[in-house]
Structures are given as structure tokens and as C-alpha cells.
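A.B. asks: Got start_25.pdb for you, PDB, C-alpha atoms and all ligand atoms:
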```pdb
ATOM      1  CA  MET H   1      30.916 104.939 236.610  1.00  0.00           C
ATOM      2  CA  HIS H   2      29.509 104.775 233.085  1.00  0.00           C
ATOM      3  CA  THR H   3      30.475 107.291 230.466  1.00  0.00           C
ATOM      4  CA  ALA H   4      28.126 108.179 227.666  1.00  0.00           C
ATOM      5  CA  SER H   5      29.085 108.128 224.004  1.00  0.00           C
ATOM      6  CA  LEU H   6      28.561 111.080 221.694  1.00  0.00           C
ATOM      7  CA  GLU H   7      26.415 110.562 218.617  1.00  0.00           C
ATOM      8  CA  ARG H   8      23.908 113.178 217.489  1.00  0.00           C
ATOM      9  CA  PRO H   9      20.495 111.716 216.561  1.00  0.00           C
ATOM     10  CA  ASN H  10      19.749 112.282 212.865  1.00  0.00           C
ATOM     11  CA  ALA H  11      16.422 113.536 211.493  1.00  0.00           C
ATOM     12  CA  ALA H  12      14.884 110.046 211.245  1.00  0.00           C
ATOM     13  CA  GLU H  13      15.933 109.220 214.807  1.00  0.00           C
ATOM     14  CA  ARG H  14      14.558 112.517 216.095  1.00  0.00           C
ATOM     15  CA  ALA H  15      11.267 111.828 214.331  1.00  0.00           C
ATOM     16  CA  PHE H  16      11.126 108.367 215.922  1.00  0.00           C
ATOM     17  CA  ILE H  17      11.889 109.802 219.373  1.00  0.00           C
ATOM     18  CA  ASP H  18       9.215 112.500 218.930  1.00  0.00           C
ATOM     19  CA  GLN H  19       6.699 109.824 217.995  1.00  0.00           C
ATOM     20  CA  VAL H  20       7.599 107.637 220.988  1.00  0.00           C
ATOM     21  CA  ILE H  21       7.307 110.624 223.322  1.00  0.00           C
ATOM     22  CA  ILE H  22       3.847 111.455 221.970  1.00  0.00           C
ATOM     23  CA  SER H  23       2.636 107.873 222.351  1.00  0.00           C
ATOM     24  CA  ARG H  24       4.047 107.377 225.881  1.00  0.00           C
ATOM     25  CA  THR H  25       3.491 110.722 227.548  1.00  0.00           C
ATOM     26  CA  GLY H  26       0.866 110.548 230.265  1.00  0.00           C
ATOM     27  CA  HIS H  27       1.225 106.788 230.750  1.00  0.00           C
ATOM     28  CA  PRO H  28       2.778 105.270 233.886  1.00  0.00           C
ATOM     29  CA  GLY H  29       6.517 104.733 233.540  1.00  0.00           C
ATOM     30  CA  ALA H  30       6.562 106.977 230.463  1.00  0.00           C
ATOM     31  CA  LEU H  31      10.220 107.933 230.747  1.00  0.00           C
ATOM     32  CA  LEU H  32      11.354 104.305 231.148  1.00  0.00           C
ATOM     33  CA  GLY H  33       9.255 103.256 228.171  1.00  0.00           C
ATOM     34  CA  ILE H  34      10.621 106.072 226.009  1.00  0.00           C
ATOM     35  CA  LEU H  35      14.214 105.218 226.883  1.00  0.00           C
ATOM     36  CA  GLU H  36      13.629 101.514 226.297  1.00  0.00           C
ATOM     37  CA  SER H  37      12.052 102.034 222.863  1.00  0.00           C
ATOM     38  CA  VAL H  38      14.761 104.451 221.759  1.00  0.00           C
ATOM     39  CA  GLN H  39      17.545 102.126 222.893  1.00  0.00           C
ATOM     40  CA  GLU H  40      15.876  99.136 221.221  1.00  0.00           C
ATOM     41  CA  ARG H  41      15.776 100.967 217.877  1.00  0.00           C
ATOM     42  CA  HIS H  42      19.463 101.849 217.932  1.00  0.00           C
ATOM     43  CA  PRO H  43      21.467  99.300 215.900  1.00  0.00           C
ATOM     44  CA  ASN H  44      24.025  99.099 218.720  1.00  0.00           C
ATOM     45  CA  LYS H  45      21.370  98.977 221.460  1.00  0.00           C
ATOM     46  CA  TYR H  46      22.520 101.967 223.436  1.00  0.00           C
ATOM     47  CA  LEU H  47      21.628 105.543 224.333  1.00  0.00           C
ATOM     48  CA  PRO H  48      24.172 108.114 223.136  1.00  0.00           C
ATOM     49  CA  LEU H  49      24.499 111.211 225.340  1.00  0.00           C
ATOM     50  CA  GLU H  50      23.122 113.502 222.644  1.00  0.00           C
ATOM     51  CA  THR H  51      20.044 111.293 222.379  1.00  0.00           C
ATOM     52  CA  LEU H  52      19.540 111.686 226.140  1.00  0.00           C
ATOM     53  CA  GLU H  53      19.895 115.465 225.737  1.00  0.00           C
ATOM     54  CA  TYR H  54      17.303 115.442 222.979  1.00  0.00           C
ATOM     55  CA  ILE H  55      14.858 113.381 225.074  1.00  0.00           C
ATOM     56  CA  ALA H  56      15.444 115.734 228.029  1.00  0.00           C
ATOM     57  CA  ALA H  57      14.638 118.780 225.905  1.00  0.00           C
ATOM     58  CA  GLN H  58      11.563 117.239 224.265  1.00  0.00           C
ATOM     59  CA  THR H  59      10.082 115.941 227.528  1.00  0.00           C
ATOM     60  CA  ASN H  60      11.048 118.921 229.683  1.00  0.00           C
ATOM     61  CA  THR H  61      12.893 116.590 232.004  1.00  0.00           C
ATOM     62  CA  PRO H  62      16.199 117.582 233.620  1.00  0.00           C
ATOM     63  CA  LEU H  63      19.071 115.731 231.947  1.00  0.00           C
ATOM     64  CA  SER H  64      20.377 114.794 235.406  1.00  0.00           C
ATOM     65  CA  ARG H  65      17.151 112.880 236.104  1.00  0.00           C
ATOM     66  CA  ILE H  66      17.314 111.012 232.811  1.00  0.00           C
ATOM     67  CA  TYR H  67      20.960 110.219 233.399  1.00  0.00           C
ATOM     68  CA  SER H  68      20.264 108.834 236.866  1.00  0.00           C
ATOM     69  CA  VAL H  69      17.473 106.604 235.480  1.00  0.00           C
ATOM     70  CA  VAL H  70      19.757 105.293 232.736  1.00  0.00           C
ATOM     71  CA  THR H  71      22.602 104.560 235.135  1.00  0.00           C
ATOM     72  CA  PHE H  72      20.286 102.976 237.753  1.00  0.00           C
ATOM     73  CA  TYR H  73      18.680 100.345 235.502  1.00  0.00           C
ATOM     74  CA  ALA H  74      21.051  97.662 234.228  1.00  0.00           C
ATOM     75  CA  LEU H  75      19.059  97.288 231.027  1.00  0.00           C
ATOM     76  CA  PHE H  76      20.203 100.659 229.693  1.00  0.00           C
ATOM     77  CA  ASN H  77      23.534 101.048 227.936  1.00  0.00           C
ATOM     78  CA  LEU H  78      25.569 104.198 227.502  1.00  0.00           C
ATOM     79  CA  GLN H  79      28.076 102.511 225.233  1.00  0.00           C
ATOM     80  CA  PRO H  80      27.512 100.732 221.898  1.00  0.00           C
ATOM     81  CA  GLN H  81      26.773  97.047 222.394  1.00  0.00           C
ATOM     82  CA  GLY H  82      28.055  94.156 220.335  1.00  0.00           C
ATOM     83  CA  ASP H  83      25.819  92.318 217.868  1.00  0.00           C
ATOM     84  CA  ASN H  84      25.721  89.385 220.312  1.00  0.00           C
ATOM     85  CA  THR H  85      25.578  89.466 224.087  1.00  0.00           C
ATOM     86  CA  ILE H  86      26.925  86.893 226.498  1.00  0.00           C
ATOM     87  CA  CYS H  87      25.814  87.547 230.030  1.00  0.00           C
ATOM     88  CA  ILE H  88      27.368  85.512 232.813  1.00  0.00           C
ATOM     89  CA  CYS H  89      25.773  85.274 236.245  1.00  0.00           C
ATOM     90  CA  ARG H  90      28.108  86.165 239.090  1.00  0.00           C
ATOM     91  CA  GLY H  91      25.646  85.445 241.917  1.00  0.00           C
ATOM     92  CA  THR H  92      26.637  83.201 244.803  1.00  0.00           C
ATOM     93  CA  ALA H  93      25.118  79.966 243.462  1.00  0.00           C
ATOM     94  CA  CYS H  94      26.733  80.435 240.064  1.00  0.00           C
ATOM     95  CA  HIS H  95      30.000  81.603 241.581  1.00  0.00           C
ATOM     96  CA  THR H  96      30.315  78.462 243.682  1.00  0.00           C
ATOM     97  CA  ARG H  97      29.740  76.418 240.535  1.00  0.00           C
ATOM     98  CA  GLY H  98      32.480  78.037 238.555  1.00  0.00           C
ATOM     99  CA  SER H  99      31.059  81.139 236.876  1.00  0.00           C
ATOM    100  CA  ARG H 100      34.309  83.042 237.363  1.00  0.00           C
ATOM    101  CA  ASN H 101      36.154  80.483 235.267  1.00  0.00           C
ATOM    102  CA  LEU H 102      33.449  80.717 232.614  1.00  0.00           C
ATOM    103  CA  LEU H 103      33.879  84.482 232.520  1.00  0.00           C
ATOM    104  CA  GLN H 104      37.637  84.204 232.223  1.00  0.00           C
ATOM    105  CA  SER H 105      37.448  81.617 229.467  1.00  0.00           C
ATOM    106  CA  VAL H 106      34.943  83.697 227.457  1.00  0.00           C
ATOM    107  CA  ARG H 107      37.177  86.729 227.799  1.00  0.00           C
ATOM    108  CA  LEU H 108      40.162  84.753 226.565  1.00  0.00           C
ATOM    109  CA  GLU H 109      38.166  83.164 223.754  1.00  0.00           C
ATOM    110  CA  LEU H 110      37.039  86.578 222.497  1.00  0.00           C
ATOM    111  CA  GLY H 111      40.405  88.283 222.959  1.00  0.00           C
ATOM    112  CA  LEU H 112      39.205  90.536 225.775  1.00  0.00           C
ATOM    113  CA  GLY H 113      42.049  89.695 228.167  1.00  0.00           C
ATOM    114  CA  LEU H 114      41.785  88.392 231.694  1.00  0.00           C
ATOM    115  CA  GLU H 115      39.993  90.143 234.532  1.00  0.00           C
ATOM    116  CA  ASP H 116      42.418  92.146 236.667  1.00  0.00           C
ATOM    117  CA  ALA H 117      42.183  93.082 240.345  1.00  0.00           C
ATOM    118  CA  SER H 118      40.838  96.607 239.695  1.00  0.00           C
ATOM    119  CA  GLU H 119      37.790  95.218 237.849  1.00  0.00           C
ATOM    120  CA  THR H 120      36.698  92.991 240.704  1.00  0.00           C
ATOM    121  CA  SER H 121      36.386  95.948 243.087  1.00  0.00           C
ATOM    122  CA  GLU H 122      33.154  97.389 241.651  1.00  0.00           C
ATOM    123  CA  ALA H 123      30.703  94.656 242.720  1.00  0.00           C
ATOM    124  CA  ASP H 124      32.349  92.269 240.274  1.00  0.00           C
ATOM    125  CA  LYS H 125      30.672  93.986 237.324  1.00  0.00           C
ATOM    126  CA  THR H 126      31.937  93.367 233.818  1.00  0.00           C
ATOM    127  CA  LEU H 127      30.878  95.072 230.592  1.00  0.00           C
ATOM    128  CA  LEU H 128      33.199  94.610 227.638  1.00  0.00           C
ATOM    129  CA  THR H 129      32.724  94.737 223.890  1.00  0.00           C
ATOM    130  CA  THR H 130      35.079  93.287 221.309  1.00  0.00           C
ATOM    131  CA  PRO H 131      36.714  95.885 219.016  1.00  0.00           C
ATOM    132  CA  ASP H 132      34.777  94.506 216.005  1.00  0.00           C
ATOM    133  CA  HIS H 133      31.486  94.962 217.947  1.00  0.00           C
ATOM    134  CA  LYS H 134      30.547  91.327 217.402  1.00  0.00           C
ATOM    135  CA  PHE H 135      30.279  90.454 221.110  1.00  0.00           C
ATOM    136  CA  THR H 136      29.509  92.149 224.384  1.00  0.00           C
ATOM    137  CA  VAL H 137      30.351  90.243 227.548  1.00  0.00           C
ATOM    138  CA  ARG H 138      28.625  91.338 230.710  1.00  0.00           C
ATOM    139  CA  THR H 139      27.838  90.024 234.154  1.00  0.00           C
ATOM    140  CA  VAL H 140      24.641  90.035 236.169  1.00  0.00           C
ATOM    141  CA  ALA H 141      24.025  89.625 239.922  1.00  0.00           C
ATOM    142  CA  CYS H 142      21.466  86.769 239.572  1.00  0.00           C
ATOM    143  CA  PHE H 143      19.083  85.551 236.874  1.00  0.00           C
ATOM    144  CA  GLY H 144      16.751  84.039 239.462  1.00  0.00           C
ATOM    145  CA  GLN H 145      17.516  80.586 238.013  1.00  0.00           C
ATOM    146  CA  CYS H 146      19.943  79.461 240.712  1.00  0.00           C
ATOM    147  CA  ALA H 147      18.867  75.787 240.505  1.00  0.00           C
ATOM    148  CA  MET H 148      20.450  75.719 237.030  1.00  0.00           C
ATOM    149  CA  ALA H 149      23.762  77.264 238.177  1.00  0.00           C
ATOM    150  CA  PRO H 150      26.013  78.198 236.596  1.00  0.00           C
ATOM    151  CA  VAL H 151      23.744  80.193 234.305  1.00  0.00           C
ATOM    152  CA  VAL H 152      24.741  82.102 231.171  1.00  0.00           C
ATOM    153  CA  GLU H 153      22.455  84.056 228.853  1.00  0.00           C
ATOM    154  CA  VAL H 154      23.439  84.015 225.188  1.00  0.00           C
ATOM    155  CA  ASN H 155      21.526  86.534 223.094  1.00  0.00           C
ATOM    156  CA  HIS H 156      18.704  86.561 225.667  1.00  0.00           C
ATOM    157  CA  ARG H 157      18.484  82.764 225.766  1.00  0.00           C
ATOM    158  CA  ILE H 158      19.093  81.299 229.215  1.00  0.00           C
ATOM    159  CA  CYS H 159      21.480  78.329 229.347  1.00  0.00           C
ATOM    160  CA  GLY H 160      21.799  76.341 232.574  1.00  0.00           C
ATOM    161  CA  HIS H 161      24.468  73.994 233.979  1.00  0.00           C
ATOM    162  CA  VAL H 162      26.982  75.553 231.627  1.00  0.00           C
ATOM    163  CA  ASN H 163      30.605  74.429 231.482  1.00  0.00           C
ATOM    164  CA  GLU H 164      33.497  75.820 229.461  1.00  0.00           C
ATOM    165  CA  ARG H 165      32.970  73.327 226.659  1.00  0.00           C
ATOM    166  CA  THR H 166      29.238  73.977 226.240  1.00  0.00           C
ATOM    167  CA  LEU H 167      29.822  77.719 226.435  1.00  0.00           C
ATOM    168  CA  GLN H 168      32.447  77.549 223.705  1.00  0.00           C
ATOM    169  CA  ARG H 169      29.996  75.604 221.602  1.00  0.00           C
ATOM    170  CA  GLU H 170      27.373  78.326 222.126  1.00  0.00           C
ATOM    171  CA  ILE H 171      29.859  80.999 221.059  1.00  0.00           C
ATOM    172  CA  ARG H 172      30.783  79.062 217.913  1.00  0.00           C
ATOM    173  CA  THR H 173      27.104  78.688 217.033  1.00  0.00           C
ATOM    174  CA  VAL H 174      26.488  82.401 217.485  1.00  0.00           C
ATOM    175  CA  GLU H 175      29.600  83.213 215.416  1.00  0.00           C
ATOM    176  CA  ARG H 176      28.437  80.941 212.621  1.00  0.00           C
ATOM    177  CA  GLU H 177      24.982  82.502 212.636  1.00  0.00           C
ATOM    178  CA  SER H 178      26.272  86.058 212.535  1.00  0.00           C
ATOM    179  CA  TYR H 179      28.716  85.761 209.623  1.00  0.00           C
TER
HETATM  180  S1  LIG V   1      23.109  83.061 241.339  1.00  0.00           S
HETATM  181 FE1  LIG V   1      23.152  82.669 239.224  1.00  0.00          FE
HETATM  182  S2  LIG V   1      21.060  82.482 238.706  1.00  0.00           S
HETATM  183 FE2  LIG V   1      21.046  82.981 240.791  1.00  0.00          FE
END
```
In C-alpha cells, how does this file's structure come out?

C.D. replies:
Amino acid sequence: MHTASLERPNAAERAFIDQVIISRTGHPGALLGILESVQERHPNKYLPLETLEYIAAQTNTPLSRIYSVVTFYALFNLQPQGDNTICICRGTACHTRGSRNLLQSVRLELGLGLEDASETSEADKTLLTTPDHKFTVRTVACFGQCAMAPVVEVNHRICGHVNERTLQREIRTVERESY
């Protein structure tokens, strides 16, 4: 179960949200579009609980409905995300080609510790952010690129046939670019 973070939207954020609501209301998928735009604008790419409350009030939508949308779609985050995201596919094709080892080595590399038995129970889902907010490591069920297994997405760029060495190289490159 996700838990939302608390962070009250300031005046500029409220003005942005109001503007997004005005421009989206009446269009198909309005709520999804509003949530996506608001999350995208947040420097840590997430939706704090108080932002969800504000959107609920301004759109006359029950908070419970907004919350269920946010928890249903994997693209929404209720916790601050790192500056860089490494997303490892845990689908069958990638699993049989070693994605679990890739996940473990990334976790070790970034000081996030090894996966324990309790984490594997919830559909093998991982979502971890380093304490300095530089990296978020997450897993996905399938990228739809199984022929390139194992597949890892680094900052929204798909990398195929990844091994521990190439993944480490990717991480180093991202680290260099972000300092
Ligand atoms: S199982 Fe990994 S891309 Fe499909």
C-alpha cells in the first residue's frame, strides 16, 4: 500500500493547478490529465496528499476517487522521486535473463540494501529512493520489449540486453551528468 506525503501546495502551485483544471475540465480523461500535469511540474515528480486534497476540492471530486486513480496507475507517485530513475523489468522474459541480479546489483551499488523476503511478496514490486534523492529504483511488470530482455529504463531511455557491467556504466554516466 502506498502512503502519501504531506506538503501543502504554495500559492504558485495552487495557481498552476487552477489553470490546469480550467484547461482540462470537460475534456476526456480530464482528471488523469490534471494529475499528470501537476505531478510533472513538481520538482520531485510526485503528488503530495495535500495537493490531492486541493485538486479534489477544486474539481468537486471525492478525494477517495482521486486516491484510487493515483494508486491504480503506476505512473503516479505518492512519494518524492529521485532526480534519476532506474526502472528494471521483472517480467518473465527479463527474469529468466537475469533481471533479479540486475536489481540486486543496482540496489547494492546505490546503497539501498538487498531485497528481503517480505518485499518479494507484493507482486515483486520495488520502489526505493536514495536518501540524497539522486536515484529512484523501481520495477515494472513488462516494457513490451521482451526480445531485448533483460530490459532496463534509465531516465526514460530503454536499454536492452543489459548486464551488470553495462548497467553500472549507465549509472556512472547518469551520476556524472547530474553533478
Ligand atoms: S518481460 Fe521484460 S520487457 Fe517484457

A.B. asks: If you apply the PyMOL selection byres (((not hetatm)) within 6 of (chain V and resi 1)) to this file, what residues do you get, as an MDAnalysis selection string?

C.D. replies: chainID H and resid 89 91:94 142:146 149:151

A.B. asks: Could you check how far atom CA of Asn10 of chain H sits from atom CA of Leu128 of chain H, in Å to one decimal?

C.D. replies: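 Atom-to-atom, atom CA of Asn10 of chain H to atom CA of Leu128 of chain H, that is 26.7 Å.
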
A.B. asks: I need the residue nearest Leu35 of chain H from this list: H:Ser23, H:Arg107, H:Ile17, H:Glu50. Use all atoms listed in the file for the distance.

C.D. replies: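 Closest candidate: H:Ile17.
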
A.B. asks: Please determine, counting all atoms listed in the file, which residue among H:Thr173, H:Thr136, H:Asn163, H:Thr59 has the shortest atom-to-atom distance to Gln79 of chain H.

C.D. replies: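 Of the candidates, the smallest distance to Gln79 of chain H is held by H:Thr136.
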
A.B. asks: Do a neighbour search on Glu109 of chain H at 10 Å with all atoms listed in the file, toss out local chain neighbours closer than 5 positions, and write the hits as a ChimeraX atom specification.

C.D. replies: /H:103-104,168,171

A.B. asks: Pull out every residue that the PyMOL selection byres (((chain H and resi 39) around 12) and not hetatm) matches in the shown coordinates and put them as a ChimeraX atom specification.

C.D. replies: /H:9,13,16-17,20,32-38,40-49,51-52,55,70,75-81

A.B. asks: What is the distance between atom CA of Ile86 of chain H and atom CA of Arg157 of chain H, in Å to one decimal?

C.D. replies: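 These atoms are spaced 9.4 Å apart.
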
A.B. asks: Report the centre and edge lengths, in Å to one decimal, of an axis-aligned box enclosing every atom of segment 123-133 of chain H listed in the file, padded by 4 Å on each side, as JSON.

C.D. replies:
```
{"center_x": 33.7, "center_y": 94.1, "center_z": 229.4, "size_x": 14.0, "size_y": 11.6, "size_z": 34.7}
```

A.B. asks: Fewer than 5 positions away in the same chain doesn't count, so skip those; otherwise give me all residues within 9 Å of Leu31 of chain H, counting only C-alpha atoms, as a list in words.

C.D. replies: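 Neighbouring residues, sequence-local ones excluded: Ile21, Arg24, Thr25, Glu36, Thr59, Ile66 and Val69 of chain H.
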